[in-house]
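Coordinates from protein_29.txt are shown below (compact mmCIF, C-alpha atoms and all ligand atoms).
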# COMPACT_ATOMS: atom_id res chain seq x y z
CA MET A 1 49.59 -123.91 -22.36
CA THR A 2 52.56 -125.71 -23.85
CA ASN A 3 55.33 -123.81 -25.55
CA THR A 4 54.43 -125.16 -28.99
CA ALA A 5 53.37 -122.43 -31.39
CA GLN A 6 49.65 -122.11 -32.01
CA ILE A 7 50.18 -121.91 -35.75
CA GLN A 8 52.96 -123.83 -37.46
CA VAL A 9 53.73 -123.50 -41.14
CA LYS A 10 56.38 -126.00 -42.17
CA GLY A 11 57.90 -126.01 -45.62
CA VAL A 12 54.64 -124.98 -47.27
CA ASN A 13 54.48 -124.69 -51.05
CA LYS A 14 51.51 -123.72 -53.19
CA ILE A 15 51.50 -124.05 -56.92
CA PHE A 16 48.58 -122.89 -59.06
CA ARG A 17 48.25 -124.64 -62.41
CA THR A 18 46.09 -123.15 -65.12
CA GLY A 19 46.49 -124.97 -68.43
CA ASP A 20 50.23 -125.26 -69.04
CA LYS A 21 51.00 -122.24 -66.82
CA GLU A 22 52.36 -122.67 -63.33
CA VAL A 23 52.45 -120.01 -60.63
CA VAL A 24 54.44 -120.72 -57.49
CA ALA A 25 52.47 -118.65 -54.99
CA LEU A 26 54.19 -119.99 -51.86
CA ARG A 27 57.73 -121.27 -51.72
CA ASP A 28 59.00 -123.20 -48.71
CA ILE A 29 57.28 -120.99 -46.12
CA GLN A 30 58.41 -121.55 -42.53
CA LEU A 31 56.56 -119.73 -39.81
CA GLU A 32 55.64 -120.23 -36.18
CA ILE A 33 53.12 -118.01 -34.44
CA PRO A 34 52.67 -118.18 -30.67
CA GLU A 35 49.28 -117.79 -29.02
CA GLY A 36 48.14 -114.19 -28.54
CA GLN A 37 50.51 -112.59 -31.01
CA PHE A 38 49.36 -109.89 -33.43
CA VAL A 39 51.20 -110.70 -36.64
CA CYS A 40 51.10 -108.57 -39.77
CA LEU A 41 51.83 -110.26 -43.04
CA LEU A 42 53.29 -107.51 -45.20
CA GLY A 43 54.25 -107.54 -48.85
CA PRO A 44 53.49 -106.18 -52.30
CA SER A 45 50.46 -107.18 -54.31
CA GLY A 46 50.82 -110.67 -55.80
CA CYS A 47 53.48 -111.91 -53.36
CA GLY A 48 51.23 -114.63 -51.89
CA LYS A 49 49.72 -113.08 -48.76
CA SER A 50 46.14 -114.14 -49.48
CA THR A 51 47.30 -117.56 -50.57
CA LEU A 52 49.06 -118.12 -47.25
CA LEU A 53 46.10 -116.81 -45.25
CA ASN A 54 43.64 -118.97 -47.21
CA ALA A 55 45.87 -121.98 -46.59
CA ILE A 56 45.88 -121.36 -42.82
CA ALA A 57 42.10 -120.81 -42.96
CA GLY A 58 41.76 -124.17 -44.73
CA PHE A 59 40.00 -122.71 -47.78
CA SER A 60 42.76 -123.71 -50.18
CA LEU A 61 45.30 -126.30 -49.05
CA PRO A 62 49.02 -126.22 -49.82
CA THR A 63 50.45 -128.31 -52.64
CA SER A 64 53.01 -129.64 -50.17
CA GLY A 65 54.29 -129.02 -46.67
CA GLU A 66 52.63 -129.06 -43.29
CA LEU A 67 50.17 -126.69 -41.65
CA ILE A 68 49.19 -127.05 -38.00
CA ALA A 69 46.77 -124.89 -36.02
CA ASN A 70 45.96 -125.52 -32.36
CA GLY A 71 47.85 -128.80 -32.50
CA LYS A 72 45.88 -130.20 -35.43
CA ALA A 73 46.73 -130.52 -39.11
CA VAL A 74 44.69 -128.04 -41.16
CA THR A 75 42.56 -129.93 -43.66
CA GLN A 76 39.50 -127.68 -43.90
CA PRO A 77 38.07 -124.49 -42.44
CA GLY A 78 37.29 -124.77 -38.74
CA PRO A 79 35.65 -122.82 -35.93
CA ASP A 80 39.06 -122.25 -34.36
CA ARG A 81 40.01 -119.95 -37.29
CA GLY A 82 37.74 -117.02 -38.18
CA MET A 83 38.26 -115.03 -41.38
CA VAL A 84 37.50 -111.37 -42.09
CA PHE A 85 37.66 -110.43 -45.77
CA GLN A 86 38.42 -107.10 -47.43
CA GLU A 87 35.06 -106.93 -49.11
CA TYR A 88 32.55 -107.09 -46.35
CA ALA A 89 30.74 -110.25 -47.42
CA LEU A 90 27.74 -109.51 -45.24
CA PHE A 91 24.34 -111.02 -45.98
CA PRO A 92 22.51 -108.07 -47.60
CA TRP A 93 19.05 -109.36 -46.69
CA MET A 94 19.84 -109.59 -42.97
CA THR A 95 19.94 -106.78 -40.44
CA VAL A 96 23.18 -105.94 -38.62
CA GLU A 97 22.21 -107.96 -35.57
CA HIS A 98 21.04 -110.90 -37.65
CA ASN A 99 24.32 -110.92 -39.59
CA ILE A 100 26.15 -111.24 -36.28
CA ALA A 101 23.72 -113.78 -34.80
CA PHE A 102 23.51 -116.01 -37.86
CA GLY A 103 26.60 -118.14 -37.17
CA LEU A 104 25.42 -118.71 -33.61
CA GLU A 105 21.97 -119.83 -34.79
CA ILE A 106 23.69 -122.35 -37.07
CA LYS A 107 25.67 -123.61 -34.07
CA GLY A 108 22.40 -124.12 -32.21
CA MET A 109 23.11 -121.68 -29.40
CA SER A 110 20.06 -120.79 -27.29
CA LYS A 111 18.13 -117.59 -28.12
CA GLY A 112 19.01 -116.00 -24.77
CA ASP A 113 22.73 -116.69 -25.13
CA ILE A 114 22.71 -115.37 -28.70
CA ALA A 115 20.97 -112.15 -27.64
CA ALA A 116 23.48 -111.60 -24.84
CA ARG A 117 26.51 -112.19 -27.01
CA VAL A 118 25.19 -110.09 -29.90
CA SER A 119 24.43 -107.17 -27.55
CA LYS A 120 27.93 -107.29 -26.11
CA LEU A 121 29.50 -107.28 -29.57
CA LEU A 122 27.23 -104.49 -30.82
CA SER A 123 28.34 -102.26 -27.96
CA MET A 124 31.99 -103.34 -28.20
CA LEU A 125 32.07 -102.21 -31.83
CA GLY A 126 29.89 -99.13 -31.43
CA LEU A 127 27.05 -100.64 -33.46
CA SER A 128 24.23 -100.57 -30.91
CA ASP A 129 22.32 -97.80 -32.69
CA PHE A 130 22.62 -99.62 -36.01
CA ARG A 131 21.36 -103.05 -35.01
CA GLN A 132 18.20 -102.92 -37.14
CA ARG A 133 19.84 -101.51 -40.24
CA PHE A 134 20.67 -103.41 -43.40
CA PRO A 135 24.22 -103.45 -44.78
CA LYS A 136 23.31 -101.21 -47.74
CA ASP A 137 22.40 -98.42 -45.28
CA LEU A 138 25.82 -98.47 -43.58
CA SER A 139 29.13 -96.76 -44.39
CA GLY A 140 32.12 -98.89 -45.35
CA GLY A 141 33.62 -98.53 -41.90
CA MET A 142 30.40 -99.61 -40.21
CA ARG A 143 30.07 -102.61 -42.51
CA GLN A 144 33.58 -103.68 -41.66
CA ARG A 145 32.72 -103.38 -37.96
CA VAL A 146 29.81 -105.75 -38.55
CA ALA A 147 32.12 -108.15 -40.38
CA ILE A 148 34.52 -108.12 -37.42
CA ALA A 149 31.67 -108.56 -34.92
CA ARG A 150 30.35 -111.49 -36.93
CA VAL A 151 33.68 -113.28 -36.73
CA LEU A 152 34.16 -112.38 -33.05
CA ALA A 153 30.73 -113.89 -32.33
CA LEU A 154 32.10 -117.31 -33.16
CA ASP A 155 34.81 -116.82 -30.53
CA SER A 156 37.62 -118.31 -32.61
CA PRO A 157 41.01 -118.14 -30.88
CA ILE A 158 42.61 -117.26 -34.22
CA MET A 159 41.44 -114.36 -36.40
CA LEU A 160 42.63 -114.17 -39.98
CA MET A 161 42.15 -110.78 -41.66
CA ASP A 162 42.86 -110.16 -45.34
CA GLU A 163 43.41 -106.43 -45.91
CA PRO A 164 40.24 -105.74 -43.93
CA PHE A 165 40.65 -101.96 -43.87
CA GLY A 166 42.05 -101.57 -47.37
CA ALA A 167 38.93 -99.90 -48.79
CA LEU A 168 38.45 -97.38 -45.95
CA ASP A 169 39.43 -93.72 -45.72
CA ALA A 170 42.39 -92.85 -43.48
CA LEU A 171 40.43 -91.63 -40.45
CA THR A 172 38.01 -94.57 -40.42
CA ARG A 173 40.94 -96.93 -40.86
CA ARG A 174 42.77 -95.47 -37.88
CA ASN A 175 39.63 -95.72 -35.72
CA LEU A 176 39.15 -99.34 -36.68
CA GLN A 177 42.83 -100.13 -36.13
CA ASP A 178 42.54 -98.77 -32.57
CA GLU A 179 39.29 -100.66 -32.05
CA LEU A 180 40.92 -103.86 -33.24
CA LEU A 181 43.93 -103.38 -30.95
CA ARG A 182 41.61 -102.91 -28.00
CA ILE A 183 39.59 -106.01 -28.86
CA TRP A 184 42.76 -108.01 -29.38
CA ALA A 185 44.05 -106.97 -25.94
CA GLU A 186 40.73 -107.65 -24.24
CA LEU A 187 39.84 -110.96 -25.86
CA LYS A 188 43.42 -112.26 -26.20
CA LYS A 189 43.14 -113.42 -29.79
CA THR A 190 45.90 -114.52 -32.10
CA ILE A 191 45.63 -112.33 -35.19
CA ILE A 192 47.21 -112.68 -38.61
CA PHE A 193 46.51 -109.43 -40.41
CA VAL A 194 47.42 -109.11 -44.08
CA THR A 195 48.34 -105.68 -45.41
CA HIS A 196 50.47 -104.07 -48.09
CA SER A 197 50.82 -100.91 -45.96
CA ILE A 198 54.10 -100.65 -44.05
CA GLU A 199 52.56 -97.92 -41.89
CA GLU A 200 49.62 -100.13 -40.96
CA ALA A 201 51.90 -103.08 -40.13
CA ILE A 202 54.11 -100.96 -37.89
CA TYR A 203 51.07 -99.48 -36.15
CA LEU A 204 49.42 -102.82 -35.41
CA ALA A 205 51.92 -105.62 -35.15
CA ASP A 206 53.88 -107.40 -32.46
CA ARG A 207 55.69 -108.97 -35.33
CA ILE A 208 55.90 -108.25 -39.02
CA VAL A 209 56.43 -111.05 -41.49
CA VAL A 210 57.67 -109.67 -44.78
CA MET A 211 56.93 -111.47 -48.00
CA THR A 212 59.20 -110.40 -50.83
CA TYR A 213 58.83 -109.47 -54.47
CA ARG A 214 60.29 -112.85 -55.34
CA PRO A 215 56.84 -114.39 -55.35
CA GLY A 216 55.87 -116.65 -52.50
CA THR A 217 58.88 -116.24 -50.27
CA VAL A 218 59.27 -115.18 -46.68
CA LYS A 219 62.78 -114.42 -45.54
CA LYS A 220 63.84 -115.58 -42.10
CA ASP A 221 65.76 -112.36 -41.56
CA LEU A 222 62.61 -110.42 -42.39
CA LEU A 223 60.68 -111.54 -39.34
CA ILE A 224 60.65 -108.26 -37.43
CA ASP A 225 59.66 -108.16 -33.79
CA MET A 226 58.09 -104.83 -32.90
CA PRO A 227 58.28 -103.32 -29.42
CA ARG A 228 54.74 -102.42 -28.32
CA LEU A 229 55.02 -98.92 -26.91
CA ARG A 230 51.37 -98.51 -26.00
CA ASP A 231 49.17 -100.90 -24.10
CA PRO A 232 45.86 -101.17 -25.97
CA SER A 233 44.11 -102.36 -22.80
CA SER A 234 45.06 -99.23 -20.87
CA ALA A 235 42.73 -96.28 -20.33
CA GLU A 236 45.30 -93.86 -21.81
CA PHE A 237 45.34 -95.73 -25.11
CA ASN A 238 42.88 -93.24 -26.68
CA GLN A 239 44.76 -90.19 -25.55
CA LEU A 240 48.14 -91.10 -26.99
P1 LIG B 301 48.59 -111.19 -52.61
O1 LIG B 301 47.44 -111.53 -51.72
O2 LIG B 301 49.88 -111.02 -51.88
O3 LIG B 301 48.31 -110.01 -53.47
P2 LIG B 301 47.96 -113.73 -53.84
O4 LIG B 301 48.17 -114.70 -52.75
O5 LIG B 301 46.55 -113.36 -54.16
O6 LIG B 301 48.84 -112.43 -53.61
O7 LIG B 301 48.58 -114.30 -55.18
C1 LIG B 301 49.91 -114.84 -55.27
C2 LIG B 301 50.17 -115.31 -56.68
O8 LIG B 301 49.35 -116.45 -56.96
C3 LIG B 301 49.83 -114.28 -57.76
O9 LIG B 301 50.74 -114.41 -58.80
C4 LIG B 301 48.44 -114.70 -58.20
O10 LIG B 301 48.21 -114.31 -59.53
C5 LIG B 301 48.50 -116.21 -58.07
N1 LIG B 301 47.17 -116.79 -57.75
C6 LIG B 301 46.45 -116.57 -56.63
N2 LIG B 301 45.31 -117.29 -56.64
C7 LIG B 301 45.31 -117.99 -57.80
C8 LIG B 301 44.41 -118.92 -58.41
N3 LIG B 301 43.28 -119.28 -57.81
N4 LIG B 301 44.76 -119.44 -59.62
C9 LIG B 301 45.91 -119.08 -60.22
N5 LIG B 301 46.80 -118.22 -59.72
C10 LIG B 301 46.52 -117.67 -58.52
MG MG B 302 45.62 -110.55 -51.42
With the file now loaded, output its structure as structure tokens.
Ligand code: ADP
Ligand code: MG
Amino acid sequence: MTNTAQIQVKGVNKIFRTGDKEVVALRDIQLEIPEGQFVCLLGPSGCGKSTLLNAIAGFSLPTSGELIANGKAVTQPGPDRGMVFQEYALFPWMTVEHNIAFGLEIKGMSKGDIAARVSKLLSMLGLSDFRQRFPKDLSGGMRQRVAIARVLALDSPIMLMDEPFGALDALTRRNLQDELLRIWAELKKTIIFVTHSIEEAIYLADRIVVMTYRPGTVKKDLLIDMPRLRDPSSAEFNQL
């Protein structure tokens, strides 16, 4: 691997125009994220977190500036960048296992390979007993596990997560945070995790990028590198 960052955001601006109103949602954002880092994007509601994440995902391109992921300019969504949304966005008419398998069927993966990968993900996320259920028969935490498994199925090196645990109660959120840290350590993903919770950012991140109340800005001196005191891949992780 070269020492170029996996994600490069260079002088990115995003302006929304509705009628004669203009909203500057991103203002000259500069950011470099190395492979394997767990980055939390922290800031108050309306500061531009989702806009930046959607730009990196390729859902909504910047008005100006440059965005590079895995060495290529971002022009559209791609299989190298998986997105997990706050609302679970599962297919309600599909079972848990079918929700996870669906993207692989689209890719044309063989039935045997799909079954193997889906089983592994079901057990990794503690969903094995729920494989035949439909989303409406699951708790919020379980649905969000399915949403994570569905994105992991596609094996994207980069996972983009927009306040994925925002709607969950405190205990479920903590369980899923730990689960996510373990998965991140095992699968060596690069994660950009959006949150407006300082506590959540401190708990999860290698690095916290703070977006400010002045809409759309990230301050260079607010890139905080966090020491990781616990190794999520260690056996003691649960006990601490
Ligand atoms: P956050 O995710 O940090 O809460 P957003 O990125 O959703 O913030 O929004 C940043 C700013 O851009 C807000 O002022 C919001 O109202 C505005 N905005 C976001 N999306 C649109 C859109 N599609 N059209 C117009 N304005 C938008
Ligand atoms: Mg948002």
*When distances are computed from only C-alpha atoms and all ligand atoms, which of A:Met211, A:Leu104, A:Ile15, A:Ile224 shows the smallest separation from ligand MG 302 (chain B)?*
A:Met211
*Quick one: pull the distance between CA of Met124 (chain A) and CA of Ile183 (chain A), Å, one decimal.*
8.1 Å
*Work out how far apart CA of Leu154 (chain A) and atom N1 of ligand LIG 301 (chain B) are and give it in Å to one decimal.*
28.8 Å
Hey, can I get the axis-aligned box for ligand LIG 301 (chain B)? All listed atoms, 8 Å padding on each side, centre and edge lengths in Å to one decimal, as lines of an AutoDock Vina configuration file.
center_x = 47.0
center_y = -114.7
center_z = -56.0
size_x = 23.5
size_y = 25.4
size_z = 24.5
Neighbouring residues of ligand LIG 301 (chain B) are defined here as those with any atom at most 12 Å from a ligand atom, counting all atoms listed in the file; list them as a PDB file with C-alpha atoms, in the coordinates of the input.
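Result saved to part_14.pdb:
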ATOM      1  CA  ASN A  13      54.480-124.690 -51.050  1.00  0.00           C
ATOM      2  CA  LYS A  14      51.510-123.720 -53.190  1.00  0.00           C
ATOM      3  CA  ILE A  15      51.500-124.050 -56.920  1.00  0.00           C
ATOM      4  CA  PHE A  16      48.580-122.890 -59.060  1.00  0.00           C
ATOM      5  CA  ARG A  17      48.250-124.640 -62.410  1.00  0.00           C
ATOM      6  CA  THR A  18      46.090-123.150 -65.120  1.00  0.00           C
ATOM      7  CA  GLY A  19      46.490-124.970 -68.430  1.00  0.00           C
ATOM      8  CA  ASP A  20      50.230-125.260 -69.040  1.00  0.00           C
ATOM      9  CA  LYS A  21      51.000-122.240 -66.820  1.00  0.00           C
ATOM     10  CA  GLU A  22      52.360-122.670 -63.330  1.00  0.00           C
ATOM     11  CA  VAL A  23      52.450-120.010 -60.630  1.00  0.00           C
ATOM     12  CA  VAL A  24      54.440-120.720 -57.490  1.00  0.00           C
ATOM     13  CA  ALA A  25      52.470-118.650 -54.990  1.00  0.00           C
ATOM     14  CA  LEU A  26      54.190-119.990 -51.860  1.00  0.00           C
ATOM     15  CA  ARG A  27      57.730-121.270 -51.720  1.00  0.00           C
ATOM     16  CA  LEU A  41      51.830-110.260 -43.040  1.00  0.00           C
ATOM     17  CA  LEU A  42      53.290-107.510 -45.200  1.00  0.00           C
ATOM     18  CA  GLY A  43      54.250-107.540 -48.850  1.00  0.00           C
ATOM     19  CA  PRO A  44      53.490-106.180 -52.300  1.00  0.00           C
ATOM     20  CA  SER A  45      50.460-107.180 -54.310  1.00  0.00           C
ATOM     21  CA  GLY A  46      50.820-110.670 -55.800  1.00  0.00           C
ATOM     22  CA  CYS A  47      53.480-111.910 -53.360  1.00  0.00           C
ATOM     23  CA  GLY A  48      51.230-114.630 -51.890  1.00  0.00           C
ATOM     24  CA  LYS A  49      49.720-113.080 -48.760  1.00  0.00           C
ATOM     25  CA  SER A  50      46.140-114.140 -49.480  1.00  0.00           C
ATOM     26  CA  THR A  51      47.300-117.560 -50.570  1.00  0.00           C
ATOM     27  CA  LEU A  52      49.060-118.120 -47.250  1.00  0.00           C
ATOM     28  CA  LEU A  53      46.100-116.810 -45.250  1.00  0.00           C
ATOM     29  CA  ASN A  54      43.640-118.970 -47.210  1.00  0.00           C
ATOM     30  CA  ALA A  55      45.870-121.980 -46.590  1.00  0.00           C
ATOM     31  CA  PHE A  59      40.000-122.710 -47.780  1.00  0.00           C
ATOM     32  CA  SER A  60      42.760-123.710 -50.180  1.00  0.00           C
ATOM     33  CA  LEU A  61      45.300-126.300 -49.050  1.00  0.00           C
ATOM     34  CA  PRO A  62      49.020-126.220 -49.820  1.00  0.00           C
ATOM     35  CA  PHE A  85      37.660-110.430 -45.770  1.00  0.00           C
ATOM     36  CA  GLN A  86      38.420-107.100 -47.430  1.00  0.00           C
ATOM     37  CA  MET A 161      42.150-110.780 -41.660  1.00  0.00           C
ATOM     38  CA  ASP A 162      42.860-110.160 -45.340  1.00  0.00           C
ATOM     39  CA  GLU A 163      43.410-106.430 -45.910  1.00  0.00           C
ATOM     40  CA  PHE A 193      46.510-109.430 -40.410  1.00  0.00           C
ATOM     41  CA  VAL A 194      47.420-109.110 -44.080  1.00  0.00           C
ATOM     42  CA  THR A 195      48.340-105.680 -45.410  1.00  0.00           C
ATOM     43  CA  HIS A 196      50.470-104.070 -48.090  1.00  0.00           C
ATOM     44  CA  SER A 197      50.820-100.910 -45.960  1.00  0.00           C
ATOM     45  CA  VAL A 210      57.670-109.670 -44.780  1.00  0.00           C
ATOM     46  CA  MET A 211      56.930-111.470 -48.000  1.00  0.00           C
ATOM     47  CA  THR A 212      59.200-110.400 -50.830  1.00  0.00           C
ATOM     48  CA  TYR A 213      58.830-109.470 -54.470  1.00  0.00           C
ATOM     49  CA  ARG A 214      60.290-112.850 -55.340  1.00  0.00           C
ATOM     50  CA  PRO A 215      56.840-114.390 -55.350  1.00  0.00           C
ATOM     51  CA  GLY A 216      55.870-116.650 -52.500  1.00  0.00           C
ATOM     52  CA  THR A 217      58.880-116.240 -50.270  1.00  0.00           C
ATOM     53  CA  VAL A 218      59.270-115.180 -46.680  1.00  0.00           C
TER      54      VAL A 218
END
_Neighbour list for Leu31 (chain A) as a PyMOL selection string, cut-off 12 Å, only C-alpha atoms, skip fewer than 4 positions in-chain_ = chain A and resi 5-12+39+41+52+56+65-69+192+207-211+217-223
*asked:* I need the residue nearest ligand MG 302 (chain B) from this list: A:Gly140, A:Glu87, A:Thr4, A:Met109. Use all atoms listed in the file for the distance.
replied: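 Using all atoms listed in the file, ligand MG 302 (chain B) sits closest to A:Glu87.
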